[in-house]
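S.K.: The file below is run-v4.csv, CSV, C-alpha atoms:
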```csv
chain,number,residue,atom,x,y,z
N,1102,MET,CA,-35.7,-5.1,-6.0
N,1103,TYR,CA,-37.3,-8.4,-6.7
N,1104,TYR,CA,-39.0,-11.2,-4.8
N,1105,ARG,CA,-41.8,-13.4,-5.8
N,1106,SER,CA,-44.6,-12.2,-3.6
N,1107,ILE,CA,-47.9,-14.0,-3.1
N,1108,ASN,CA,-49.8,-10.8,-3.9
N,1109,GLU,CA,-48.2,-10.6,-7.3
N,1110,VAL,CA,-48.8,-14.3,-8.0
N,1111,LEU,CA,-52.5,-14.1,-7.1
N,1112,GLN,CA,-52.9,-10.8,-9.1
N,1113,THR,CA,-51.5,-12.5,-12.2
N,1114,GLN,CA,-53.6,-15.6,-11.7
N,1115,TYR,CA,-57.0,-14.0,-10.9
N,1116,GLY,CA,-56.5,-10.5,-12.4
N,1117,CYS,CA,-57.3,-8.8,-9.1
N,1118,LYS,CA,-56.2,-8.6,-5.5
N,1119,VAL,CA,-57.2,-11.7,-3.6
N,1120,TYR,CA,-58.0,-11.2,0.1
N,1121,LYS,CA,-57.3,-13.8,2.8
N,1122,LEU,CA,-60.1,-14.2,5.3
N,1123,ALA,CA,-59.0,-15.5,8.7
N,1124,LEU,CA,-61.4,-18.0,10.3
N,1125,ASP,CA,-61.6,-19.6,13.7
N,1126,GLY,CA,-62.6,-23.3,13.5
N,1127,GLY,CA,-62.7,-23.7,17.2
N,1128,PHE,CA,-59.6,-26.0,17.3
N,1129,THR,CA,-57.1,-26.7,20.0
N,1130,CYS,CA,-53.6,-28.1,19.8
N,1131,PRO,CA,-51.8,-31.2,21.2
N,1132,ASN,CA,-49.5,-28.8,23.1
N,1133,ARG,CA,-52.6,-27.5,24.9
N,1134,ASP,CA,-55.1,-30.3,25.4
N,1135,GLY,CA,-52.7,-32.5,27.4
N,1136,THR,CA,-51.6,-34.8,24.6
N,1137,LEU,CA,-48.1,-33.2,24.6
N,1138,GLY,CA,-48.6,-30.4,27.1
N,1139,THR,CA,-51.0,-27.8,28.3
N,1140,ARG,CA,-49.2,-24.5,27.9
N,1141,GLY,CA,-48.7,-24.4,24.1
N,1142,CYS,CA,-45.6,-23.4,22.3
N,1143,ILE,CA,-43.6,-20.9,24.3
N,1144,PHE,CA,-44.4,-17.9,21.9
N,1145,CYS,CA,-48.1,-18.8,21.3
N,1146,GLY,CA,-50.7,-16.5,22.9
N,1147,GLY,CA,-54.1,-17.4,24.1
N,1148,ASP,CA,-55.6,-17.0,20.7
N,1149,GLY,CA,-53.4,-19.6,19.1
N,1150,SER,CA,-51.7,-17.1,16.7
N,1151,GLY,CA,-55.2,-16.2,15.4
N,1152,ALA,CA,-55.6,-12.7,16.8
N,1153,PHE,CA,-57.0,-11.5,13.5
N,1154,ALA,CA,-59.4,-14.4,12.9
N,1155,ALA,CA,-63.1,-13.8,12.7
N,1156,ALA,CA,-65.0,-15.0,15.8
N,1157,GLY,CA,-67.9,-17.5,15.9
N,1158,SER,CA,-68.6,-21.1,15.2
N,1159,ASP,CA,-70.6,-20.7,12.0
N,1160,VAL,CA,-68.2,-20.6,9.0
N,1161,ALA,CA,-70.7,-18.9,6.6
N,1162,ALA,CA,-71.3,-16.1,9.2
N,1163,GLN,CA,-67.5,-15.7,9.8
N,1164,LEU,CA,-66.9,-15.4,6.0
N,1165,ALA,CA,-69.7,-12.8,5.7
N,1166,ALA,CA,-68.2,-10.7,8.5
N,1167,ALA,CA,-64.7,-11.0,7.2
N,1168,LYS,CA,-65.8,-10.0,3.7
N,1169,ALA,CA,-67.7,-7.0,5.1
N,1170,ARG,CA,-64.4,-5.7,6.7
N,1171,VAL,CA,-62.7,-5.6,3.3
N,1172,ALA,CA,-65.7,-4.6,1.2
N,1173,ALA,CA,-64.5,-1.0,0.9
N,1174,LYS,CA,-61.3,-2.3,-0.7
N,1175,GLY,CA,-63.3,-3.8,-3.5
N,1176,GLY,CA,-62.4,-7.4,-2.8
N,1177,ARG,CA,-63.9,-9.9,-5.3
N,1178,ASN,CA,-62.0,-13.1,-4.7
N,1179,PHE,CA,-61.0,-14.6,-1.3
N,1180,ILE,CA,-59.0,-17.3,0.4
N,1181,ALA,CA,-60.6,-19.0,3.4
N,1182,TYR,CA,-57.9,-19.2,6.0
N,1183,PHE,CA,-58.2,-21.4,9.1
N,1184,GLN,CA,-55.7,-19.7,11.3
N,1185,SER,CA,-56.1,-20.3,15.0
N,1186,PHE,CA,-54.4,-23.2,16.7
N,1187,THR,CA,-54.0,-26.5,14.8
N,1188,ASN,CA,-56.6,-26.7,12.1
N,1189,THR,CA,-56.3,-30.4,11.1
N,1190,TYR,CA,-56.5,-31.5,14.7
N,1191,GLY,CA,-59.9,-33.2,15.0
N,1192,PRO,CA,-62.2,-35.9,13.6
N,1193,VAL,CA,-62.1,-36.0,9.8
N,1194,GLU,CA,-65.9,-35.6,9.6
N,1195,ARG,CA,-65.8,-32.3,11.4
N,1196,LEU,CA,-62.9,-31.1,9.3
N,1197,ARG,CA,-64.9,-32.0,6.1
N,1198,SER,CA,-67.9,-30.0,7.3
N,1199,LEU,CA,-65.7,-26.9,8.1
N,1200,TYR,CA,-63.6,-27.0,5.0
N,1201,GLU,CA,-66.5,-27.6,2.6
N,1202,ALA,CA,-68.5,-24.7,4.2
N,1203,ALA,CA,-65.5,-22.4,3.7
N,1204,LEU,CA,-65.1,-23.4,0.1
N,1205,ALA,CA,-68.8,-23.3,-0.8
N,1206,PRO,CA,-69.1,-19.6,-1.9
N,1207,ASP,CA,-68.1,-19.0,-5.5
N,1208,ASP,CA,-65.9,-16.0,-4.6
N,1209,VAL,CA,-63.8,-18.2,-2.3
N,1210,VAL,CA,-61.1,-19.4,-4.7
N,1211,ALA,CA,-58.9,-21.4,-2.3
N,1212,LEU,CA,-58.6,-22.9,1.2
N,1213,SER,CA,-55.6,-22.3,3.4
N,1214,VAL,CA,-55.1,-24.4,6.5
N,1215,ALA,CA,-52.5,-23.7,9.2
N,1216,THR,CA,-51.4,-26.8,11.1
N,1217,ARG,CA,-48.5,-28.9,12.6
N,1218,PRO,CA,-46.7,-31.6,10.6
N,1219,ASP,CA,-47.5,-34.1,13.4
N,1220,CYS,CA,-51.3,-33.6,13.0
N,1221,LEU,CA,-51.8,-34.9,9.5
N,1222,PRO,CA,-53.1,-38.5,9.7
N,1223,GLU,CA,-53.8,-40.2,6.4
N,1224,PRO,CA,-57.6,-39.7,6.4
N,1225,VAL,CA,-57.0,-35.9,6.8
N,1226,LEU,CA,-54.4,-35.9,4.1
N,1227,ASP,CA,-56.8,-37.8,1.8
N,1228,LEU,CA,-59.6,-35.2,2.6
N,1229,LEU,CA,-57.2,-32.3,1.7
N,1230,GLY,CA,-56.2,-34.1,-1.5
N,1231,GLU,CA,-59.9,-34.6,-2.4
N,1232,LEU,CA,-60.8,-31.0,-1.8
N,1233,ASN,CA,-57.7,-29.9,-3.7
N,1234,ARG,CA,-59.2,-31.4,-6.9
N,1235,LYS,CA,-62.1,-29.0,-6.5
N,1236,LYS,CA,-60.4,-25.8,-5.5
N,1237,PRO,CA,-56.8,-25.2,-4.5
N,1238,VAL,CA,-55.8,-26.2,-1.0
N,1239,TRP,CA,-52.8,-24.7,0.8
N,1240,VAL,CA,-51.4,-26.2,4.0
N,1241,GLU,CA,-49.2,-24.0,6.2
N,1242,LEU,CA,-46.7,-25.9,8.3
N,1243,GLY,CA,-45.2,-24.2,11.4
N,1244,LEU,CA,-41.6,-25.3,11.1
N,1245,GLN,CA,-40.1,-22.2,12.8
N,1246,THR,CA,-36.5,-23.7,12.9
N,1247,ILE,CA,-34.6,-26.9,11.9
N,1248,HIS,CA,-32.4,-26.7,15.0
N,1249,GLU,CA,-33.5,-29.3,17.6
N,1250,ALA,CA,-32.2,-27.3,20.7
N,1251,THR,CA,-34.4,-24.3,19.7
N,1252,ALA,CA,-37.3,-26.6,18.9
N,1253,ARG,CA,-37.1,-28.1,22.4
N,1254,TYR,CA,-36.9,-24.6,24.0
N,1255,ILE,CA,-40.0,-23.4,22.1
N,1256,ARG,CA,-41.8,-26.7,23.0
N,1257,ARG,CA,-42.6,-27.5,19.3
N,1258,GLY,CA,-43.2,-31.1,20.2
N,1259,TRP,CA,-42.0,-33.0,17.1
N,1260,GLU,CA,-38.6,-33.6,15.4
N,1261,LEU,CA,-37.5,-32.6,11.9
N,1262,PRO,CA,-38.2,-35.9,10.1
N,1263,VAL,CA,-41.9,-35.4,10.8
N,1264,PHE,CA,-41.8,-32.2,8.8
N,1265,ASP,CA,-40.0,-33.9,5.9
N,1266,TRP,CA,-42.7,-36.6,5.9
N,1267,ALA,CA,-45.5,-34.1,6.0
N,1268,VAL,CA,-44.2,-32.1,3.1
N,1269,ALA,CA,-43.7,-35.3,1.0
N,1270,GLU,CA,-47.2,-36.6,1.7
N,1271,LEU,CA,-48.9,-33.3,1.0
N,1272,LYS,CA,-46.9,-32.8,-2.3
N,1273,ARG,CA,-47.8,-36.4,-3.3
N,1274,ARG,CA,-51.4,-35.3,-3.2
N,1275,GLY,CA,-50.7,-32.1,-5.2
N,1276,ILE,CA,-51.3,-29.8,-2.2
N,1277,THR,CA,-49.5,-26.4,-2.0
N,1278,VAL,CA,-47.2,-26.3,1.0
N,1279,ILE,CA,-46.2,-23.1,2.8
N,1280,VAL,CA,-43.6,-23.1,5.6
N,1281,HIS,CA,-43.5,-20.8,8.5
N,1282,VAL,CA,-40.1,-19.7,9.8
N,1283,ILE,CA,-39.5,-17.4,12.8
N,1284,LEU,CA,-36.5,-15.1,12.6
N,1285,GLY,CA,-34.8,-14.1,15.9
N,1286,LEU,CA,-35.6,-17.1,18.1
N,1287,PRO,CA,-33.6,-17.0,21.4
N,1288,GLY,CA,-30.1,-18.3,21.0
N,1289,GLU,CA,-30.1,-18.7,17.2
N,1290,THR,CA,-27.3,-17.1,15.2
N,1291,ARG,CA,-27.6,-15.6,11.7
N,1292,GLU,CA,-25.9,-18.7,10.3
N,1293,GLN,CA,-28.4,-21.0,12.0
N,1294,ILE,CA,-31.4,-19.0,10.7
N,1295,LEU,CA,-30.0,-19.1,7.1
N,1296,GLU,CA,-29.5,-22.9,7.5
N,1297,THR,CA,-33.2,-23.2,8.2
N,1298,VAL,CA,-34.0,-21.0,5.2
N,1299,ASP,CA,-31.7,-23.2,3.0
N,1300,TYR,CA,-33.4,-26.3,4.3
N,1301,VAL,CA,-36.9,-25.0,3.5
N,1302,GLY,CA,-35.6,-24.2,0.0
N,1303,ARG,CA,-34.6,-27.8,-0.5
N,1304,SER,CA,-37.7,-29.3,1.2
N,1305,GLY,CA,-40.1,-29.3,-1.8
N,1306,ALA,CA,-42.3,-26.7,-0.3
N,1307,ASP,CA,-43.9,-24.1,-2.5
N,1308,GLY,CA,-43.8,-21.0,-0.3
N,1309,VAL,CA,-42.4,-19.5,2.8
N,1310,LYS,CA,-43.6,-17.1,5.5
N,1311,PHE,CA,-41.0,-15.1,7.4
N,1312,GLN,CA,-42.1,-14.1,10.8
N,1313,LEU,CA,-40.3,-11.7,13.2
N,1314,LEU,CA,-40.1,-13.1,16.7
N,1315,HIS,CA,-42.3,-10.9,18.8
N,1316,VAL,CA,-43.1,-11.3,22.5
N,1317,LEU,CA,-46.7,-11.2,23.7
N,1318,ASP,CA,-47.4,-10.6,27.4
N,1319,ASP,CA,-49.8,-13.6,27.6
N,1320,THR,CA,-47.1,-16.2,26.7
N,1321,ASP,CA,-44.4,-18.1,28.6
N,1322,LEU,CA,-41.8,-16.4,26.3
N,1323,TYR,CA,-42.7,-13.2,28.1
N,1324,ALA,CA,-41.3,-14.4,31.4
N,1325,ASP,CA,-38.0,-15.2,29.8
N,1326,TYR,CA,-37.9,-11.8,28.1
N,1327,VAL,CA,-38.6,-10.0,31.3
N,1328,ALA,CA,-35.9,-12.0,33.1
N,1329,GLY,CA,-33.4,-10.8,30.5
N,1330,LYS,CA,-32.7,-14.2,29.0
N,1331,PHE,CA,-32.8,-12.9,25.5
N,1332,ARG,CA,-33.4,-9.7,23.5
N,1333,THR,CA,-35.5,-9.1,20.4
N,1334,LEU,CA,-34.2,-7.8,17.1
N,1335,GLU,CA,-34.0,-4.1,16.4
N,1336,LEU,CA,-35.6,-2.9,13.2
N,1337,GLU,CA,-32.3,-2.5,11.3
N,1338,GLU,CA,-31.1,-5.9,12.4
N,1339,TYR,CA,-34.3,-7.5,11.3
N,1340,VAL,CA,-34.3,-5.8,7.9
N,1341,THR,CA,-30.7,-6.9,7.1
N,1342,LEU,CA,-31.3,-10.5,8.3
N,1343,LEU,CA,-34.5,-10.7,6.3
N,1344,ALA,CA,-32.7,-9.5,3.2
N,1345,ASP,CA,-30.2,-12.4,3.6
N,1346,CYS,CA,-33.1,-14.8,4.0
N,1347,VAL,CA,-34.7,-13.6,0.8
N,1348,ARG,CA,-31.4,-13.9,-1.0
N,1349,HIS,CA,-31.2,-17.5,0.3
N,1350,THR,CA,-34.8,-18.3,-0.8
N,1351,PRO,CA,-34.9,-20.2,-4.2
N,1352,PRO,CA,-36.3,-17.9,-6.9
N,1353,GLN,CA,-39.2,-20.2,-7.7
N,1354,MET,CA,-40.6,-20.2,-4.1
N,1355,VAL,CA,-43.4,-17.8,-3.3
N,1356,ILE,CA,-42.8,-15.5,-0.4
N,1357,HIS,CA,-46.1,-15.1,1.5
N,1358,ARG,CA,-44.9,-12.8,4.3
N,1359,LEU,CA,-41.9,-10.6,5.1
N,1360,THR,CA,-42.7,-9.9,8.7
N,1361,GLY,CA,-45.6,-10.1,11.1
N,1362,ASP,CA,-47.1,-8.0,13.8
N,1363,GLY,CA,-48.6,-9.4,17.1
N,1364,TYR,CA,-51.9,-8.3,18.6
N,1365,LYS,CA,-51.0,-4.8,19.9
N,1366,LYS,CA,-53.0,-5.2,23.1
N,1367,HIS,CA,-50.5,-7.9,24.2
N,1368,LEU,CA,-47.3,-6.8,22.3
N,1369,ALA,CA,-44.4,-6.4,24.7
N,1370,ALA,CA,-41.5,-6.4,22.3
N,1371,PRO,CA,-40.2,-5.3,19.9
N,1372,LEU,CA,-42.5,-2.3,20.0
N,1373,TRP,CA,-41.4,-1.1,16.6
N,1374,SER,CA,-43.1,-4.1,15.0
N,1375,GLY,CA,-46.5,-2.6,16.0
N,1376,ASP,CA,-46.0,0.1,13.3
N,1377,LYS,CA,-46.5,-2.1,10.2
N,1378,LYS,CA,-46.3,0.8,7.7
N,1379,ARG,CA,-42.9,1.9,9.1
N,1380,THR,CA,-41.6,-1.7,9.1
N,1381,LEU,CA,-42.6,-2.4,5.5
N,1382,ASN,CA,-41.3,1.0,4.3
N,1383,ALA,CA,-37.9,0.1,6.0
N,1384,ILE,CA,-37.8,-3.3,4.3
N,1385,ASN,CA,-38.7,-1.9,0.9
N,1386,GLN,CA,-36.2,0.9,1.1
N,1387,TYR,CA,-33.4,-1.5,2.2
N,1388,PHE,CA,-34.2,-3.9,-0.6
N,1389,ARG,CA,-34.1,-1.2,-3.2
N,1390,THR,CA,-31.0,0.4,-1.9
N,1391,HIS,CA,-29.1,-2.9,-1.6
N,1392,ASN,CA,-30.5,-4.5,-4.8
N,1393,VAL,CA,-31.9,-7.5,-2.9
N,1394,VAL,CA,-33.0,-10.2,-5.3
N,1395,GLN,CA,-34.6,-13.4,-4.3
N,1396,GLY,CA,-32.3,-16.4,-4.8
N,1397,GLN,CA,-29.1,-14.5,-5.1
N,1398,MET,CA,-27.5,-16.7,-2.5
N,1399,SER,CA,-29.6,-19.8,-2.7
N,1400,PRO,CA,-27.5,-22.9,-2.7
N,1401,ASP,CA,-29.2,-24.1,-5.9
N,1402,SER,CA,-29.0,-20.8,-7.8
N,1403,PRO,CA,-26.5,-20.4,-10.7
N,1404,LYS,CA,-23.3,-18.7,-9.7
```
Rewrite the structure of this file - the entire thing - as structure tokens.

M.R.:
Amino acid sequence: MYYRSINEVLQTQYGCKVYKLALDGGFTCPNRDGTLGTRGCIFCGGDGSGAFAAAGSDVAAQLAAAKARVAAKGGRNFIAYFQSFTNTYGPVERLRSLYEAALAPDDVVALSVATRPDCLPEPVLDLLGELNRKKPVWVELGLQTIHEATARYIRRGWELPVFDWAVAELKRRGITVIVHVILGLPGETREQILETVDYVGRSGADGVKFQLLHVLDDTDLYADYVAGKFRTLELEEYVTLLADCVRHTPPQMVIHRLTGDGYKKHLAAPLWSGDKKRTLNAINQYFRTHNVVQGQMSPDSPK
């Protein structure tokens, strides 16, 4: 079994486990504030995909609270992670204040910012590039899919060339780019999902996050699920699909996530995803049994 996990990469770089501390910067999103819409992406809950972020407006206090939660695990180095909603969507002066506060502690070794490709104006890109010269900056882009019909259904709000532009501009400034892909979006076939993975592999991005589609009961996706318009993946289906995605991922890319679990209070389906230990055990067992190696089926891998 082999894939290039972010945990192993950070362990090698820092000599210890590095913990990601989820923060809430009080952001919104153009899909929610009326710029593009008011209901968000179809799968996005009321917390903006930040159910595990610390609460509060003071970054230093959020960091302290998040560190306290992992203190028993012996964490010494941390990544400050702005997770909820669109974390580059605001005046650049406000962004500077938040980002610099997050990077200020010596034990914070990097900044990770989750955002949309259409929310990266040049002043923000330049700020990220400036901070990246002090400590590493990662930008997570929510691509989800390359297929425009699916993108319209999920109300993504931008087209694929915007993603290509964002990756190029971020890489031009030396910033690490991580791409978020959802597996199991309604109507997508295995072949279409692998086309997205192959596209990400050629995009110039440094890392990828694979996310199982899960349905939360406070989203518009829930209404379609209850109406029987689609079904979610079973555990065995997800594991075999994920294995193919890993095989299609170029060996040099860092895999930041193999799955994801929604906030259990709102999780409607698939319920098996709420048992994270069971899910990861199933993935690891399948990968070992079937000799899953990252890059085996990547278009650019030697044959």

S.K.: Taking (-68.1, -11.1, -9.4) in the file's own coordinates, collect the residues within 9 Å, counting all atoms listed in the file, and hand them back as a list in words.

M.R.: Arg1177, Asn1178, Asp1207 and Asp1208 of chain N

S.K.: Between N:Ala1173, N:Ala1344, N:Ala1161, N:Ala1250, which residue has the minimum interatomic distance to Gly1288 of chain N, considering all atoms listed in the file?

M.R.: N:Ala1250

S.K.: So that I can see what lies close to segment 1137-1139 of chain N, please list as a list of chain:residue names the residues with an atom at most 12 Å from it, counting all atoms listed in the file and leaving out residues fewer than 4 positions away in the same chain.

M.R.: N:Thr1129, N:Cys1130, N:Pro1131, N:Asn1132, N:Arg1133, N:Ile1143, N:Cys1145, N:Gly1147, N:Asp1219, N:Arg1256, N:Arg1257, N:Gly1258, N:Trp1259, N:Asp1321

S.K.: Hey, what's within 10 Å of segment 1184-1201 of chain N if we count only C-alpha atoms and toss same-chain stuff fewer than 3 positions away? As a compact mmCIF listing (two decimals) with C-alpha atoms, in the frame of the given file, please?

M.R.:
```
# COMPACT_ATOMS: atom_id res chain seq x y z
CA LEU N 1122 -60.10 -14.20 5.30
CA ALA N 1123 -59.00 -15.50 8.70
CA LEU N 1124 -61.40 -18.00 10.30
CA ASP N 1125 -61.60 -19.60 13.70
CA GLY N 1126 -62.60 -23.30 13.50
CA GLY N 1127 -62.70 -23.70 17.20
CA PHE N 1128 -59.60 -26.00 17.30
CA THR N 1129 -57.10 -26.70 20.00
CA CYS N 1130 -53.60 -28.10 19.80
CA PRO N 1131 -51.80 -31.20 21.20
CA ASN N 1132 -49.50 -28.80 23.10
CA ARG N 1133 -52.60 -27.50 24.90
CA GLY N 1141 -48.70 -24.40 24.10
CA CYS N 1145 -48.10 -18.80 21.30
CA GLY N 1146 -50.70 -16.50 22.90
CA GLY N 1147 -54.10 -17.40 24.10
CA ASP N 1148 -55.60 -17.00 20.70
CA GLY N 1149 -53.40 -19.60 19.10
CA SER N 1150 -51.70 -17.10 16.70
CA GLY N 1151 -55.20 -16.20 15.40
CA ALA N 1152 -55.60 -12.70 16.80
CA PHE N 1153 -57.00 -11.50 13.50
CA ALA N 1154 -59.40 -14.40 12.90
CA ALA N 1155 -63.10 -13.80 12.70
CA SER N 1158 -68.60 -21.10 15.20
CA ASP N 1159 -70.60 -20.70 12.00
CA VAL N 1160 -68.20 -20.60 9.00
CA ALA N 1161 -70.70 -18.90 6.60
CA ALA N 1181 -60.60 -19.00 3.40
CA LEU N 1204 -65.10 -23.40 0.10
CA ALA N 1205 -68.80 -23.30 -0.80
CA PRO N 1206 -69.10 -19.60 -1.90
CA LEU N 1212 -58.60 -22.90 1.20
CA SER N 1213 -55.60 -22.30 3.40
CA VAL N 1214 -55.10 -24.40 6.50
CA ALA N 1215 -52.50 -23.70 9.20
CA THR N 1216 -51.40 -26.80 11.10
CA ARG N 1217 -48.50 -28.90 12.60
CA PRO N 1218 -46.70 -31.60 10.60
CA ASP N 1219 -47.50 -34.10 13.40
CA CYS N 1220 -51.30 -33.60 13.00
CA LEU N 1221 -51.80 -34.90 9.50
CA PRO N 1222 -53.10 -38.50 9.70
CA GLU N 1223 -53.80 -40.20 6.40
CA PRO N 1224 -57.60 -39.70 6.40
CA VAL N 1225 -57.00 -35.90 6.80
CA LEU N 1226 -54.40 -35.90 4.10
CA ASP N 1227 -56.80 -37.80 1.80
CA LEU N 1228 -59.60 -35.20 2.60
CA LEU N 1229 -57.20 -32.30 1.70
CA LEU N 1232 -60.80 -31.00 -1.80
CA VAL N 1238 -55.80 -26.20 -1.00
CA VAL N 1240 -51.40 -26.20 4.00
CA GLU N 1241 -49.20 -24.00 6.20
CA LEU N 1242 -46.70 -25.90 8.30
CA GLY N 1243 -45.20 -24.20 11.40
```

S.K.: Can you work out which one of N:Tyr1326, N:Phe1179, N:Tyr1387, N:Phe1311 has the shortest atom-to-atom distance to Tyr1115 of chain N, counting all atoms listed in the file?

M.R.: N:Phe1179

S.K.: In Å, how far is it from atom CA of Leu1342 of chain N to atom CA of Asp1319 of chain N?

M.R.: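 Spanning atom CA of Leu1342 of chain N to atom CA of Asp1319 of chain N is a straight-line distance of 26.9 Å.
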
S.K.: Using all atoms listed in the file, which residues sit within 12 Å of Arg1273 of chain N once same-chain residues fewer than 2 positions away are excluded, as a ChimeraX atom specification?

M.R.: /N:1226-1227,1229-1230,1233,1266-1271,1275-1278,1305-1306

S.K.: Record the distance separating atom CA of Val1263 of chain N and atom CA of Leu1322 of chain N, expressed in Å with one decimal.

M.R.: 24.5 Å

S.K.: For the atom pair atom CA of Val1316 of chain N and atom CA of Arg1332 of chain N, what is the interatomic distance in Å to one decimal place?

M.R.: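 Atom-to-atom, atom CA of Val1316 of chain N to atom CA of Arg1332 of chain N, that is 9.9 Å.
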
S.K.: Nearest to Thr1390 of chain N among N:Tyr1103, N:Trp1373, N:Asp1307, N:Glu1338, with distances taken over all atoms listed in the file: which residue is it?

M.R.: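 Checking each candidate against Thr1390 of chain N, we get N:Tyr1103 as the closest.
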
S.K.: Which is closest to Thr1320 of chain N among N:Gly1375, N:Gly1308, N:Gly1175, N:Gly1363, if we use all atoms listed in the file?

M.R.: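 That would be N:Gly1363, the residue with the smallest distance to Thr1320 of chain N.
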
S.K.: Between N:Gly1302, N:Pro1237, N:Pro1287, N:Gly1116, which is the closest to Asp1325 of chain N once you count all atoms listed in the file?

M.R.: N:Pro1287

S.K.: Pick from N:His1315, N:Arg1105, N:Arg1358, N:Lys1236: nearest to Leu1336 of chain N, with all atoms listed in the file counted?

M.R.: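 Smallest separation from Leu1336 of chain N among the options: N:His1315.
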
S.K.: With a distance cut-off of 9 Å and all atoms listed in the file, select the neighbouring residues of Val1340 of chain N, excluding the residue or stretch itself and same-chain residues fewer than 6 positions from it, and output the selection as a list in words.

M.R.: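 The neighbour list is Thr1380, Ala1383, Ile1384, Tyr1387 and Phe1388 of chain N.
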
S.K.: Centre and edge lengths of an axis-aligned box around all listed atoms of segment 1119-1134 of chain N, with 5 Å added on each side, are to be given in Å to one decimal, as AutoDock Vina command-line options.

M.R.:
```
--center_x -56.1 --center_y -21.2 --center_z 10.9 --size_x 23.2 --size_y 30.0 --size_z 39.0
```
